Amino acid sequence: MPTTHDIDTGGKAPALEARGVSVFYGETHAVKGIDLAVPANKVVALVGPSGCGKSTLLRCFNRMNDLVTAARIEGTVGFRGKNLYDDDVDPVEVRRRIGMVFQKPNPFPKSIYDNIAFGPRINGFDGDLDALVEQSLRQAALWDEVNNRLNDSAYALSGGQQQRLCIARTLAVKPEVVLMDEPASALDPIATQRIEELIYELKKNYTIVIVTHNMQQAARISDYTAFLYMGELVEYGPTDTIFTNPREERTEEYVTGRFG
Amino acid sequence: MPGAEGPVGPRTDGGLGGGQRPRDRRRHILGDVFAVVCGAATLVGVVALAILLFDVVRDGVGQVDLAFLTSFASRFPERAGVKAALAGSVWILGLTALIAFPISVSAAIYLEEYAAQNWITRLIQLNIANLAGVPSIVYGILGLTVFVRALGLERSIISGALTLSLLILPVIIIAAQEAIRAVPDSIRQASYGLGATRWQTVSRQVLPMAMPGILTGTILALSRAVGETAPLIMVGAVGFIAFTPSGLGDQFTVLPLQIFNWISRPQDEFHVLAAAGILVLLALLLSMNAAAILLRNHYQKNRN
Ligand SMILES: Nc1ncnc2c1ncn2[C@@H]1O[C@H](COP(=O)(O)OP(=O)(O)OP(=O)(O)O)[C@@H](O)[C@H]1O
Ligand SMILES: [Mg+2]
């Protein structure tokens, strides 16, 4: 079992650190004892064939698996010197600080403005909401397209715009880490490119973990890549290494598209 | 092979005239028969309703006027009206809605969003489904035992409203559960993902989205309640009353009971009054349904 996946975090403590994380769905052992450290202000890509446990592992990082009744989790996830699964940790607070963007755009059936404002409102934000909405939309590169119709329904936006709205919505609660589960898989190449540029920008202020099926995308946007196979972490390292000179044969076969 | 079994001769439809083949012909005939049967079944309902309406309107429409609405029942048909019954029905309806709606919606929220999926929940669920099918007279007996006697609420409006609330609780709970279940999980995940608590997710995302369905279910259930007679007789609604209720403890009558009362008299004049009473009841029902549609549109407009 691979245990050491040493990556250079530049002396900084990792933003997230999974230690021996296992997830069971009833009898299914979906994630098998994974150790993985996510360096701060970097983009980590999780790749691997369908069903290998990428989404499951991602959901461990902000306790979204708590909402899946069948799921049982073992191991620890370190975040700011604390284990996310300690008894005194409030999962609601975890999800506020570690945001999530989903595979399919899932805006609320409300106006564009209210979509962004929902997070700050429920978290008791008492500053200038208008300014926060604008700032979030700008960060998600959506402001110019929607600034004159903030009160229109979010459902009136295109799929790509909806996904950027979901990213803006996540940013509006000012998380420290953003988890993305195939955020561009439902989008066309141009919308995908916009999301990728956006991720590149966000890296300055956020730590990002992204699940993707698109190897070129992983190579383009990530600093580190983790290859999962049947619930195990086969290899984890700098994206360059994973794509050009991986240690494991299975990794090479997968990233070059010879199996999958 | 297209046309292998088809008629001999030039084809003008590019070989798509497959309906000519025996197998296809049988299929098409079956389809047509099915359409006719379904159409006829629909007609049964429509025709029955039309005959009923025609009959009632012919008999009663001349009777419905302001005097009819503002007079109490009387031994003299020319002076009798539905004032007490209409007021009683409206009171019962309003109270039943006030009691049943919050309880049912809370129960539905609990069952859908909070309860663990275990055998207790399944047992409760099964019971609710069964309760929805219990004959209304049984609720009347329950109301008599619990509200009228045990709780000492006497033969009053509140006893009637509580009894009818019990009657429609399961119906609203089931409708509300379905509406809540129809809210996509992706919405809940988005909400939780932003650091919302369960209550924030339910109250700000799930309930508003489910509200049109919940309201429709509620109003349909209330429409059933407004036509109920048997359970109200059990808890002491009276057939003849000459005042409108002014409080929860007052005696009361309701439209169906008044109608029944008039119908069961031998004189034709009273039968006309019954027809007029039916028209008033129908008007009440239709305005409730209209309210349901308006409310639903209101919520859906906010959504888009
Ligand atoms: N809610 C659940 N209940 C039961 N089993 C689940 C559940 N979610 C996932 N699984 C199982 O866990 C395993 C990993 O699933 P997961 O969704 O994490 O895979 P994935 O790598 O994200 O796949 P994909 O690339 O297709 O999204 C699969 O075998 C899947 O069937
Ligand atoms: Mg997945």
# chains A, B, ... in the order shown; residues from 1 in each chain; ligands from 1
call {"tool": "interface_residues", "arguments": {"of": "chain A", "to": "chain B", "cutoff": "9 Å", "atoms": "only C-alpha atoms", "output": "PDB file with C-alpha atoms, in the first residue's frame"}}
result
ATOM      1  CA  ASN A  62     -15.660  18.928   3.633  1.00  0.00           C
ATOM      2  CA  MET A  64     -20.337  16.114   2.586  1.00  0.00           C
ATOM      3  CA  LEU A  67     -25.196  13.594   4.255  1.00  0.00           C
ATOM      4  CA  THR A  69     -26.715   7.915   5.109  1.00  0.00           C
ATOM      5  CA  PRO A  91     -19.601  20.010   9.924  1.00  0.00           C
ATOM      6  CA  VAL A  92     -21.590  23.126   9.012  1.00  0.00           C
ATOM      7  CA  GLU A  93     -18.574  25.277   9.829  1.00  0.00           C
ATOM      8  CA  VAL A  94     -16.315  22.887   7.902  1.00  0.00           C
ATOM      9  CA  ARG A  95     -18.436  23.300   4.771  1.00  0.00           C
ATOM     10  CA  ARG A  96     -18.405  27.035   5.091  1.00  0.00           C
ATOM     11  CA  ARG A  97     -14.623  27.112   5.154  1.00  0.00           C
ATOM     12  CA  ILE A  98     -14.139  24.372   2.583  1.00  0.00           C
ATOM     13  CA  GLY A  99     -16.493  25.118  -0.285  1.00  0.00           C
ATOM     14  CA  MET A 100     -17.672  22.809  -3.022  1.00  0.00           C
ATOM     15  CA  VAL A 101     -18.599  23.134  -6.689  1.00  0.00           C
ATOM     16  CA  PHE A 102     -20.542  20.248  -8.180  1.00  0.00           C
ATOM     17  CA  LYS A 104     -23.749  19.682 -12.749  1.00  0.00           C
ATOM     18  CA  PRO A 105     -24.434  23.385 -12.275  1.00  0.00           C
ATOM     19  CA  ASN A 106     -26.993  23.557  -9.460  1.00  0.00           C
ATOM     20  CA  PRO A 107     -28.100  27.154  -9.014  1.00  0.00           C
ATOM     21  CA  PHE A 108     -31.013  27.827  -6.686  1.00  0.00           C
ATOM     22  CA  PRO A 109     -34.318  28.688  -8.374  1.00  0.00           C
ATOM     23  CA  LYS A 110     -33.828  32.319  -7.430  1.00  0.00           C
ATOM     24  CA  SER A 111     -32.361  35.438  -8.940  1.00  0.00           C
ATOM     25  CA  PHE A 118     -27.688  33.114   0.098  1.00  0.00           C
ATOM     26  CA  GLY A 119     -24.380  31.925   1.552  1.00  0.00           C
ATOM     27  CA  PRO A 120     -23.386  35.228   3.156  1.00  0.00           C
ATOM     28  CA  ILE A 122     -27.159  32.396   6.264  1.00  0.00           C
ATOM     29  CA  ASN A 123     -23.699  32.924   7.674  1.00  0.00           C
ATOM     30  CA  ASP A 152     -33.193  37.694 -13.438  1.00  0.00           C
ATOM     31  CA  SER A 153     -33.602  34.036 -12.627  1.00  0.00           C
ATOM     32  CA  ALA A 154     -30.362  32.081 -12.511  1.00  0.00           C
ATOM     33  CA  TYR A 155     -32.117  29.505 -14.671  1.00  0.00           C
ATOM     34  CA  ALA A 156     -32.041  31.983 -17.555  1.00  0.00           C
ATOM     35  CA  CYS A 166     -22.046  28.377  -8.695  1.00  0.00           C
ATOM     36  CA  ARG A 169     -21.677  31.538  -4.955  1.00  0.00           C
ATOM     37  CA  THR A 170     -19.033  29.354  -3.335  1.00  0.00           C
ATOM     38  CA  VAL A 173     -18.764  32.754   1.672  1.00  0.00           C
TER      39      VAL A 173
END
call {"tool": "residues_around", "arguments": {"residues": "Glu154 (chain B)", "least_positions_apart": "5", "cutoff": "10 Å", "atoms": "only C-alpha atoms", "output": "list in words"}}
result
Leu144, Phe147, Val148, Arg149, Ser159, Gly160, Val235, Gly236, Gly249, Asp250 and Gln251 of chain B
call {"tool": "write_last_selection", "arguments": {"atoms": "N, CA, C and O atoms", "output": "PDB file, in the first residue's frame"}}
result
ATOM      1  N   LEU B 144     -65.827  12.170  18.467  1.00  0.00           N
ATOM      2  CA  LEU B 144     -66.831  12.155  19.535  1.00  0.00           C
ATOM      3  C   LEU B 144     -66.202  11.707  20.846  1.00  0.00           C
ATOM      4  O   LEU B 144     -66.391  12.333  21.895  1.00  0.00           O
ATOM      5  N   PHE B 147     -62.598  14.436  21.418  1.00  0.00           N
ATOM      6  CA  PHE B 147     -62.779  15.881  21.544  1.00  0.00           C
ATOM      7  C   PHE B 147     -64.058  16.237  22.309  1.00  0.00           C
ATOM      8  O   PHE B 147     -64.026  17.016  23.254  1.00  0.00           O
ATOM      9  N   VAL B 148     -65.186  15.647  21.878  1.00  0.00           N
ATOM     10  CA  VAL B 148     -66.462  16.010  22.500  1.00  0.00           C
ATOM     11  C   VAL B 148     -66.516  15.537  23.946  1.00  0.00           C
ATOM     12  O   VAL B 148     -66.846  16.301  24.858  1.00  0.00           O
ATOM     13  N   ARG B 149     -66.144  14.260  24.167  1.00  0.00           N
ATOM     14  CA  ARG B 149     -66.300  13.694  25.510  1.00  0.00           C
ATOM     15  C   ARG B 149     -65.044  13.887  26.351  1.00  0.00           C
ATOM     16  O   ARG B 149     -65.055  14.617  27.333  1.00  0.00           O
ATOM     17  N   SER B 159     -64.624  21.184  18.008  1.00  0.00           N
ATOM     18  CA  SER B 159     -64.652  19.725  17.916  1.00  0.00           C
ATOM     19  C   SER B 159     -64.737  19.278  16.462  1.00  0.00           C
ATOM     20  O   SER B 159     -64.049  18.347  16.042  1.00  0.00           O
ATOM     21  N   GLY B 160     -65.600  19.948  15.713  1.00  0.00           N
ATOM     22  CA  GLY B 160     -65.755  19.604  14.289  1.00  0.00           C
ATOM     23  C   GLY B 160     -64.472  19.842  13.518  1.00  0.00           C
ATOM     24  O   GLY B 160     -64.036  18.991  12.736  1.00  0.00           O
ATOM     25  N   VAL B 235     -69.966  14.443  15.672  1.00  0.00           N
ATOM     26  CA  VAL B 235     -69.507  15.341  16.734  1.00  0.00           C
ATOM     27  C   VAL B 235     -70.529  16.439  16.991  1.00  0.00           C
ATOM     28  O   VAL B 235     -70.231  17.420  17.664  1.00  0.00           O
ATOM     29  N   GLY B 236     -71.722  16.296  16.420  1.00  0.00           N
ATOM     30  CA  GLY B 236     -72.816  17.126  16.891  1.00  0.00           C
ATOM     31  C   GLY B 236     -73.165  18.350  16.085  1.00  0.00           C
ATOM     32  O   GLY B 236     -73.769  19.290  16.609  1.00  0.00           O
ATOM     33  N   GLY B 249     -66.565  27.673  20.668  1.00  0.00           N
ATOM     34  CA  GLY B 249     -67.397  26.759  21.436  1.00  0.00           C
ATOM     35  C   GLY B 249     -68.839  26.696  20.948  1.00  0.00           C
ATOM     36  O   GLY B 249     -69.650  25.971  21.520  1.00  0.00           O
ATOM     37  N   ASP B 250     -69.181  27.454  19.915  1.00  0.00           N
ATOM     38  CA  ASP B 250     -70.572  27.529  19.472  1.00  0.00           C
ATOM     39  C   ASP B 250     -70.992  26.275  18.718  1.00  0.00           C
ATOM     40  O   ASP B 250     -70.177  25.577  18.137  1.00  0.00           O
ATOM     41  N   GLN B 251     -72.313  26.062  18.739  1.00  0.00           N
ATOM     42  CA  GLN B 251     -72.874  25.019  17.898  1.00  0.00           C
ATOM     43  C   GLN B 251     -72.861  25.494  16.456  1.00  0.00           C
ATOM     44  O   GLN B 251     -72.767  26.688  16.177  1.00  0.00           O
TER      45      GLN B 251
END
call {"tool": "closest_residue", "arguments": {"among": "B:Leu285, B:Ile124, B:Ala129, B:Leu93", "to": "Ala161 (chain B)", "atoms": "only C-alpha atoms"}}
result
B:Leu93
call {"tool": "select_by_dssp", "arguments": {"residues": "region 36-74 of chain A", "states": "alpha helix (DSSP H)", "output": "JSON, numbers by chain"}}
result
{"A": [54, 55, 56, 57, 58, 59, 60]}
call {"tool": "residues_near_ligand", "arguments": {"ligand": "ligand 1", "cutoff": "12 Å", "atoms": "only C-alpha atoms and all ligand atoms", "output": "tab-separated table (two decimals) with N, CA, C and O atoms, in the first residue's frame"}}
result
chain	number	residue	atom	x	y	z
A	22	SER	N	-10.59	5.97	4.83
A	22	SER	CA	-11.35	4.91	4.18
A	22	SER	C	-12.82	5.28	4.21
A	22	SER	O	-13.30	5.86	5.19
A	23	VAL	N	-13.52	4.96	3.14
A	23	VAL	CA	-14.96	5.19	3.12
A	23	VAL	C	-15.65	3.89	2.71
A	23	VAL	O	-15.23	3.23	1.76
A	24	PHE	N	-16.69	3.55	3.47
A	24	PHE	CA	-17.50	2.38	3.14
A	24	PHE	C	-18.92	2.83	2.86
A	24	PHE	O	-19.48	3.66	3.57
A	25	TYR	N	-19.48	2.30	1.78
A	25	TYR	CA	-20.93	2.45	1.55
A	25	TYR	C	-21.53	1.08	1.82
A	25	TYR	O	-21.50	0.22	0.94
A	26	GLY	N	-22.03	0.87	2.99
A	26	GLY	CA	-22.49	-0.47	3.34
A	26	GLY	C	-21.33	-1.45	3.20
A	26	GLY	O	-20.33	-1.32	3.91
A	27	GLU	N	-21.43	-2.38	2.27
A	27	GLU	CA	-20.38	-3.37	2.08
A	27	GLU	C	-19.26	-2.84	1.17
A	27	GLU	O	-18.14	-3.33	1.22
A	28	THR	N	-19.60	-1.86	0.32
A	28	THR	CA	-18.61	-1.38	-0.65
A	28	THR	C	-17.51	-0.58	0.04
A	28	THR	O	-17.79	0.39	0.75
A	29	HIS	N	-16.28	-0.98	-0.19
A	29	HIS	CA	-15.15	-0.23	0.34
A	29	HIS	C	-14.68	0.72	-0.77
A	29	HIS	O	-13.91	0.33	-1.65
A	30	ALA	N	-15.18	1.94	-0.78
A	30	ALA	CA	-15.01	2.82	-1.94
A	30	ALA	C	-13.67	3.55	-1.93
A	30	ALA	O	-13.10	3.83	-2.98
A	31	VAL	N	-13.17	3.88	-0.73
A	31	VAL	CA	-11.88	4.56	-0.62
A	31	VAL	C	-11.07	3.80	0.41
A	31	VAL	O	-11.55	3.53	1.51
A	32	LYS	N	-9.85	3.41	0.01
A	32	LYS	CA	-9.11	2.46	0.84
A	32	LYS	C	-7.84	3.07	1.43
A	32	LYS	O	-6.80	3.11	0.79
A	46	LEU	N	-7.55	15.18	-8.95
A	46	LEU	CA	-7.79	13.76	-8.69
A	46	LEU	C	-8.26	13.13	-9.98
A	46	LEU	O	-9.25	13.57	-10.56
A	47	VAL	N	-7.51	12.15	-10.48
A	47	VAL	CA	-7.90	11.48	-11.72
A	47	VAL	C	-7.99	9.98	-11.46
A	47	VAL	O	-7.46	9.47	-10.47
A	48	GLY	N	-8.68	9.31	-12.40
A	48	GLY	CA	-8.83	7.87	-12.28
A	48	GLY	C	-10.10	7.44	-12.97
A	48	GLY	O	-10.97	8.27	-13.23
A	49	PRO	N	-10.19	6.14	-13.26
A	49	PRO	CA	-11.38	5.67	-13.99
A	49	PRO	C	-12.66	5.84	-13.19
A	49	PRO	O	-12.63	5.99	-11.97
A	50	SER	N	-13.78	5.81	-13.88
A	50	SER	CA	-15.08	5.99	-13.25
A	50	SER	C	-15.29	4.98	-12.14
A	50	SER	O	-14.96	3.81	-12.29
A	51	GLY	N	-15.78	5.46	-11.01
A	51	GLY	CA	-16.06	4.56	-9.90
A	51	GLY	C	-14.88	4.27	-9.01
A	51	GLY	O	-14.98	3.46	-8.09
A	52	CYS	N	-13.75	4.94	-9.24
A	52	CYS	CA	-12.56	4.63	-8.45
A	52	CYS	C	-12.56	5.35	-7.09
A	52	CYS	O	-11.69	5.10	-6.27
A	53	GLY	N	-13.52	6.23	-6.88
A	53	GLY	CA	-13.63	6.86	-5.57
A	53	GLY	C	-13.21	8.32	-5.50
A	53	GLY	O	-13.06	8.87	-4.41
A	54	LYS	N	-13.08	8.97	-6.65
A	54	LYS	CA	-12.64	10.37	-6.65
A	54	LYS	C	-13.64	11.27	-5.92
A	54	LYS	O	-13.27	12.04	-5.03
A	55	SER	N	-14.91	11.17	-6.32
A	55	SER	CA	-15.92	12.02	-5.70
A	55	SER	C	-16.04	11.71	-4.21
A	55	SER	O	-16.19	12.61	-3.38
A	56	THR	N	-15.98	10.44	-3.88
A	56	THR	CA	-16.10	10.03	-2.48
A	56	THR	C	-14.97	10.65	-1.66
A	56	THR	O	-15.20	11.20	-0.58
A	57	LEU	N	-13.74	10.56	-2.18
A	57	LEU	CA	-12.61	11.15	-1.46
A	57	LEU	C	-12.78	12.66	-1.34
A	57	LEU	O	-12.55	13.24	-0.27
A	58	LEU	N	-13.22	13.28	-2.43
A	58	LEU	CA	-13.39	14.74	-2.41
A	58	LEU	C	-14.39	15.15	-1.32
A	58	LEU	O	-14.16	16.11	-0.59
A	59	ARG	N	-15.47	14.40	-1.22
A	59	ARG	CA	-16.50	14.74	-0.23
A	59	ARG	C	-16.00	14.54	1.21
A	59	ARG	O	-16.57	15.11	2.14
A	60	CYS	N	-14.94	13.74	1.38
A	60	CYS	CA	-14.37	13.59	2.72
A	60	CYS	C	-13.74	14.89	3.20
A	60	CYS	O	-13.60	15.13	4.39
A	64	MET	N	-19.08	16.28	3.31
A	64	MET	CA	-20.34	16.11	2.59
A	64	MET	C	-20.82	14.67	2.68
A	64	MET	O	-21.99	14.39	2.51
A	65	ASN	N	-19.88	13.75	2.94
A	65	ASN	CA	-20.31	12.35	3.08
A	65	ASN	C	-21.22	12.14	4.28
A	65	ASN	O	-21.94	11.16	4.34
A	66	ASP	N	-21.19	13.08	5.23
A	66	ASP	CA	-22.11	12.98	6.37
A	66	ASP	C	-23.56	12.91	5.89
A	66	ASP	O	-24.42	12.35	6.57
A	67	LEU	N	-23.82	13.51	4.73
A	67	LEU	CA	-25.20	13.59	4.25
A	67	LEU	C	-25.63	12.32	3.55
A	67	LEU	O	-26.79	12.13	3.24
A	68	VAL	N	-24.66	11.46	3.24
A	68	VAL	CA	-24.99	10.18	2.61
A	68	VAL	C	-25.19	9.17	3.72
A	68	VAL	O	-24.23	8.81	4.40
A	69	THR	N	-26.43	8.75	3.93
A	69	THR	CA	-26.71	7.91	5.11
A	69	THR	C	-25.90	6.63	5.11
A	69	THR	O	-25.50	6.16	6.16
A	70	ALA	N	-25.65	6.08	3.91
A	70	ALA	CA	-24.98	4.78	3.85
A	70	ALA	C	-23.48	4.89	4.13
A	70	ALA	O	-22.83	3.89	4.39
A	71	ALA	N	-22.91	6.10	4.08
A	71	ALA	CA	-21.45	6.22	4.12
A	71	ALA	C	-20.89	6.14	5.55
A	71	ALA	O	-21.46	6.69	6.48
A	72	ARG	N	-19.76	5.45	5.69
A	72	ARG	CA	-19.05	5.38	6.96
A	72	ARG	C	-17.59	5.72	6.68
A	72	ARG	O	-17.01	5.21	5.72
A	102	PHE	N	-20.11	21.58	-7.78
A	102	PHE	CA	-20.54	20.25	-8.18
A	102	PHE	C	-20.43	20.04	-9.68
A	102	PHE	O	-20.24	20.97	-10.45
A	103	GLN	N	-20.60	18.78	-10.06
A	103	GLN	CA	-20.44	18.41	-11.46
A	103	GLN	C	-21.46	19.11	-12.36
A	103	GLN	O	-21.11	19.73	-13.35
A	104	LYS	N	-22.73	18.99	-11.96
A	104	LYS	CA	-23.75	19.68	-12.75
A	104	LYS	C	-24.04	21.02	-12.09
A	104	LYS	O	-24.20	21.08	-10.87
A	180	MET	N	-13.76	20.95	-6.24
A	180	MET	CA	-14.55	20.96	-7.47
A	180	MET	C	-14.65	19.55	-8.02
A	180	MET	O	-13.64	18.89	-8.26
A	181	ASP	N	-15.88	19.10	-8.24
A	181	ASP	CA	-16.09	17.75	-8.77
A	181	ASP	C	-16.48	17.85	-10.25
A	181	ASP	O	-17.63	18.13	-10.57
A	182	GLU	N	-15.54	17.64	-11.12
A	182	GLU	CA	-15.76	17.74	-12.57
A	182	GLU	C	-16.56	18.98	-12.94
A	182	GLU	O	-17.62	18.88	-13.54
A	183	PRO	N	-16.05	20.14	-12.59
A	183	PRO	CA	-16.86	21.36	-12.76
A	183	PRO	C	-17.12	21.70	-14.21
A	183	PRO	O	-18.02	22.48	-14.50
A	185	SER	N	-17.44	19.31	-16.76
A	185	SER	CA	-17.80	18.14	-17.58
A	185	SER	C	-19.09	18.35	-18.36
A	185	SER	O	-19.32	17.68	-19.36
A	210	ILE	N	-9.49	19.39	-7.43
A	210	ILE	CA	-10.43	19.25	-8.54
A	210	ILE	C	-10.42	17.82	-9.06
A	210	ILE	O	-9.37	17.22	-9.24
A	211	VAL	N	-11.63	17.28	-9.25
A	211	VAL	CA	-11.77	15.97	-9.88
A	211	VAL	C	-11.98	16.19	-11.36
A	211	VAL	O	-12.76	17.06	-11.75
A	212	THR	N	-11.27	15.46	-12.19
A	212	THR	CA	-11.50	15.62	-13.62
A	212	THR	C	-11.26	14.31	-14.35
A	212	THR	O	-10.48	13.46	-13.92
A	213	HIS	N	-11.99	14.15	-15.44
A	213	HIS	CA	-11.79	13.00	-16.31
A	213	HIS	C	-10.95	13.37	-17.52
A	213	HIS	O	-10.61	12.54	-18.34
A	214	ASN	N	-10.66	14.65	-17.62
A	214	ASN	CA	-10.00	15.17	-18.80
A	214	ASN	C	-8.51	15.32	-18.49
A	214	ASN	O	-8.10	16.19	-17.73
A	226	ALA	N	-3.16	13.30	-8.44
A	226	ALA	CA	-3.27	12.04	-7.73
A	226	ALA	C	-4.03	11.07	-8.61
A	226	ALA	O	-5.10	11.40	-9.10
A	227	PHE	N	-3.47	9.89	-8.82
A	227	PHE	CA	-4.14	8.88	-9.63
A	227	PHE	C	-4.73	7.82	-8.71
A	227	PHE	O	-4.02	7.17	-7.95
A	228	LEU	N	-6.05	7.68	-8.77
A	228	LEU	CA	-6.75	6.70	-7.94
A	228	LEU	C	-7.19	5.55	-8.81
A	228	LEU	O	-7.57	5.74	-9.98
A	229	TYR	N	-7.15	4.35	-8.24
A	229	TYR	CA	-7.62	3.20	-8.97
A	229	TYR	C	-8.27	2.24	-7.99
A	229	TYR	O	-7.65	1.83	-7.02
A	230	MET	N	-9.53	1.94	-8.22
A	230	MET	CA	-10.29	1.05	-7.35
A	230	MET	C	-10.15	1.41	-5.88
A	230	MET	O	-9.92	0.53	-5.04
A	231	GLY	N	-10.29	2.66	-5.59
A	231	GLY	CA	-10.29	3.08	-4.19
A	231	GLY	C	-8.93	3.30	-3.58
A	231	GLY	O	-8.82	3.74	-2.44
A	232	GLU	N	-7.87	2.97	-4.33
A	232	GLU	CA	-6.54	3.18	-3.78
A	232	GLU	C	-5.83	4.32	-4.47
A	232	GLU	O	-6.06	4.58	-5.66
A	233	LEU	N	-4.95	4.97	-3.72
A	233	LEU	CA	-4.13	6.02	-4.31
A	233	LEU	C	-2.90	5.34	-4.90
A	233	LEU	O	-2.03	4.86	-4.17
A	260	GLY	N	-8.65	2.62	-19.22
A	260	GLY	CA	-9.50	3.57	-18.50
A	260	GLY	C	-10.93	3.19	-18.55
A	260	GLY	O	-11.37	2.20	-18.23
B	185	ASP	N	-32.08	16.75	-5.08
B	185	ASP	CA	-31.05	16.67	-4.05
B	185	ASP	C	-29.92	17.65	-4.31
B	185	ASP	O	-29.25	18.09	-3.38
call {"tool": "residues_around", "arguments": {"residues": "region 49-61 of chain B", "least_positions_apart": "4", "cutoff": "10 Å", "atoms": "only C-alpha atoms", "output": "PyMOL selection string"}}
result
chain B and resi 43-45+65+271-280+282
call {"tool": "residues_around", "arguments": {"residues": "Ala15 (chain A)", "least_positions_apart": "2", "cutoff": "10 Å", "atoms": "only C-alpha atoms", "output": "PyMOL selection string"}}
result
chain A and resi 9+12-13+17+37-42+78-81+176-177+206-208
call {"tool": "write_last_selection", "arguments": {"atoms": "N, CA, C and O atoms", "output": "compact mmCIF listing (two decimals), in the first residue's frame"}}
result
# COMPACT_ATOMS: atom_id res chain seq x y z
N THR A 9 6.02 20.85 -0.18
CA THR A 9 5.04 21.89 0.14
C THR A 9 5.72 23.22 0.42
O THR A 9 5.13 24.13 0.98
N LYS A 12 5.63 25.02 3.86
CA LYS A 12 4.36 25.39 4.48
C LYS A 12 3.57 24.15 4.87
O LYS A 12 3.70 23.10 4.25
N ALA A 13 2.75 24.30 5.88
CA ALA A 13 1.89 23.19 6.26
C ALA A 13 0.86 22.98 5.16
O ALA A 13 0.39 23.94 4.56
N GLU A 17 -4.93 17.49 4.85
CA GLU A 17 -4.08 16.32 4.92
C GLU A 17 -4.89 15.09 5.33
O GLU A 17 -5.29 14.95 6.47
N ALA A 37 -1.71 14.74 0.99
CA ALA A 37 -1.57 16.09 1.52
C ALA A 37 -1.78 17.10 0.40
O ALA A 37 -1.20 16.97 -0.68
N VAL A 38 -2.64 18.07 0.64
CA VAL A 38 -2.92 19.10 -0.36
C VAL A 38 -2.21 20.38 0.04
O VAL A 38 -2.54 20.98 1.06
N PRO A 39 -1.20 20.80 -0.74
CA PRO A 39 -0.46 21.99 -0.37
C PRO A 39 -1.31 23.25 -0.53
O PRO A 39 -2.17 23.31 -1.41
N ALA A 40 -1.05 24.23 0.32
CA ALA A 40 -1.82 25.47 0.26
C ALA A 40 -1.54 26.22 -1.04
O ALA A 40 -0.43 26.19 -1.57
N ASN A 41 -2.57 26.87 -1.54
CA ASN A 41 -2.47 27.69 -2.75
C ASN A 41 -1.97 26.93 -3.97
O ASN A 41 -1.29 27.49 -4.82
N LYS A 42 -2.31 25.66 -4.03
CA LYS A 42 -1.99 24.86 -5.20
C LYS A 42 -3.28 24.23 -5.72
O LYS A 42 -4.29 24.20 -5.02
N GLY A 78 -6.67 16.32 8.30
CA GLY A 78 -6.14 17.47 9.01
C GLY A 78 -6.46 18.77 8.27
O GLY A 78 -6.37 18.84 7.04
N PHE A 79 -6.89 19.76 9.01
CA PHE A 79 -7.16 21.08 8.44
C PHE A 79 -6.87 22.10 9.52
O PHE A 79 -7.49 22.08 10.58
N ARG A 80 -5.88 22.93 9.30
CA ARG A 80 -5.50 23.94 10.29
C ARG A 80 -5.23 23.32 11.67
O ARG A 80 -5.77 23.78 12.68
N GLY A 81 -4.49 22.24 11.66
CA GLY A 81 -4.09 21.63 12.92
C GLY A 81 -5.19 20.88 13.64
O GLY A 81 -5.06 20.54 14.82
N GLU A 176 -11.64 28.79 2.44
CA GLU A 176 -10.19 28.75 2.33
C GLU A 176 -9.77 27.73 1.28
O GLU A 176 -8.72 27.84 0.66
N VAL A 177 -10.60 26.72 1.10
CA VAL A 177 -10.34 25.68 0.12
C VAL A 177 -11.58 25.55 -0.75
O VAL A 177 -12.69 25.70 -0.27
N TYR A 206 -6.74 30.76 -3.16
CA TYR A 206 -7.41 29.58 -2.63
C TYR A 206 -6.59 28.33 -2.90
O TYR A 206 -5.78 28.30 -3.82
N THR A 207 -6.88 27.31 -2.09
CA THR A 207 -6.36 25.98 -2.37
C THR A 207 -7.48 25.23 -3.09
O THR A 207 -8.64 25.32 -2.68
N ILE A 208 -7.13 24.53 -4.15
CA ILE A 208 -8.17 23.90 -4.96
C ILE A 208 -7.90 22.41 -5.14
O ILE A 208 -6.78 22.01 -5.46
call {"tool": "residues_around", "arguments": {"residues": "Ala115 (chain B)", "least_positions_apart": "5", "cutoff": "12 Å", "atoms": "only C-alpha atoms", "output": "ChimeraX atom specification"}}
result
/A:69 /B:106-110,120-122,124-125
call {"tool": "atom_distance", "arguments": {"atom1": "CA of Arg181 (chain B)", "atom2": "CA of Ser165 (chain B)"}}
result
23.2 Å
call {"tool": "atom_distance", "arguments": {"atom1": "CA of Leu137 (chain A)", "atom2": "CA of Leu165 (chain A)"}}
result
7.1 Å
call {"tool": "residues_around", "arguments": {"residues": "Ile221 (chain A)", "least_positions_apart": "6", "cutoff": "8 Å", "atoms": "only C-alpha atoms", "output": "PyMOL selection string"}}
result
chain A and resi 43+196+199-200
call {"tool": "closest_residue", "arguments": {"among": "B:Ala292, B:Ile241, B:Asp32, B:Pro266", "to": "Thr216 (chain B)", "atoms": "only C-alpha atoms"}}
result
B:Ala292
call {"tool": "residues_around", "arguments": {"residues": "Val44 (chain A)", "least_positions_apart": "6", "cutoff": "6 Å", "atoms": "only C-alpha atoms", "output": "ChimeraX atom specification"}}
result
/A:209,222,224-225
call {"tool": "atom_distance", "arguments": {"atom1": "CA of Thr145 (chain B)", "atom2": "CA of Pro245 (chain B)"}}
result
22.9 Å
call {"tool": "select_by_dssp", "arguments": {"residues": "region 57-252 of chain A", "states": "strand (DSSP E or B)", "output": "VMD selection string"}}
result
chain A and resid 71 to 79 82 to 83 98 to 101 111 153 177 to 181 207 to 211 224 to 229 232 to 238
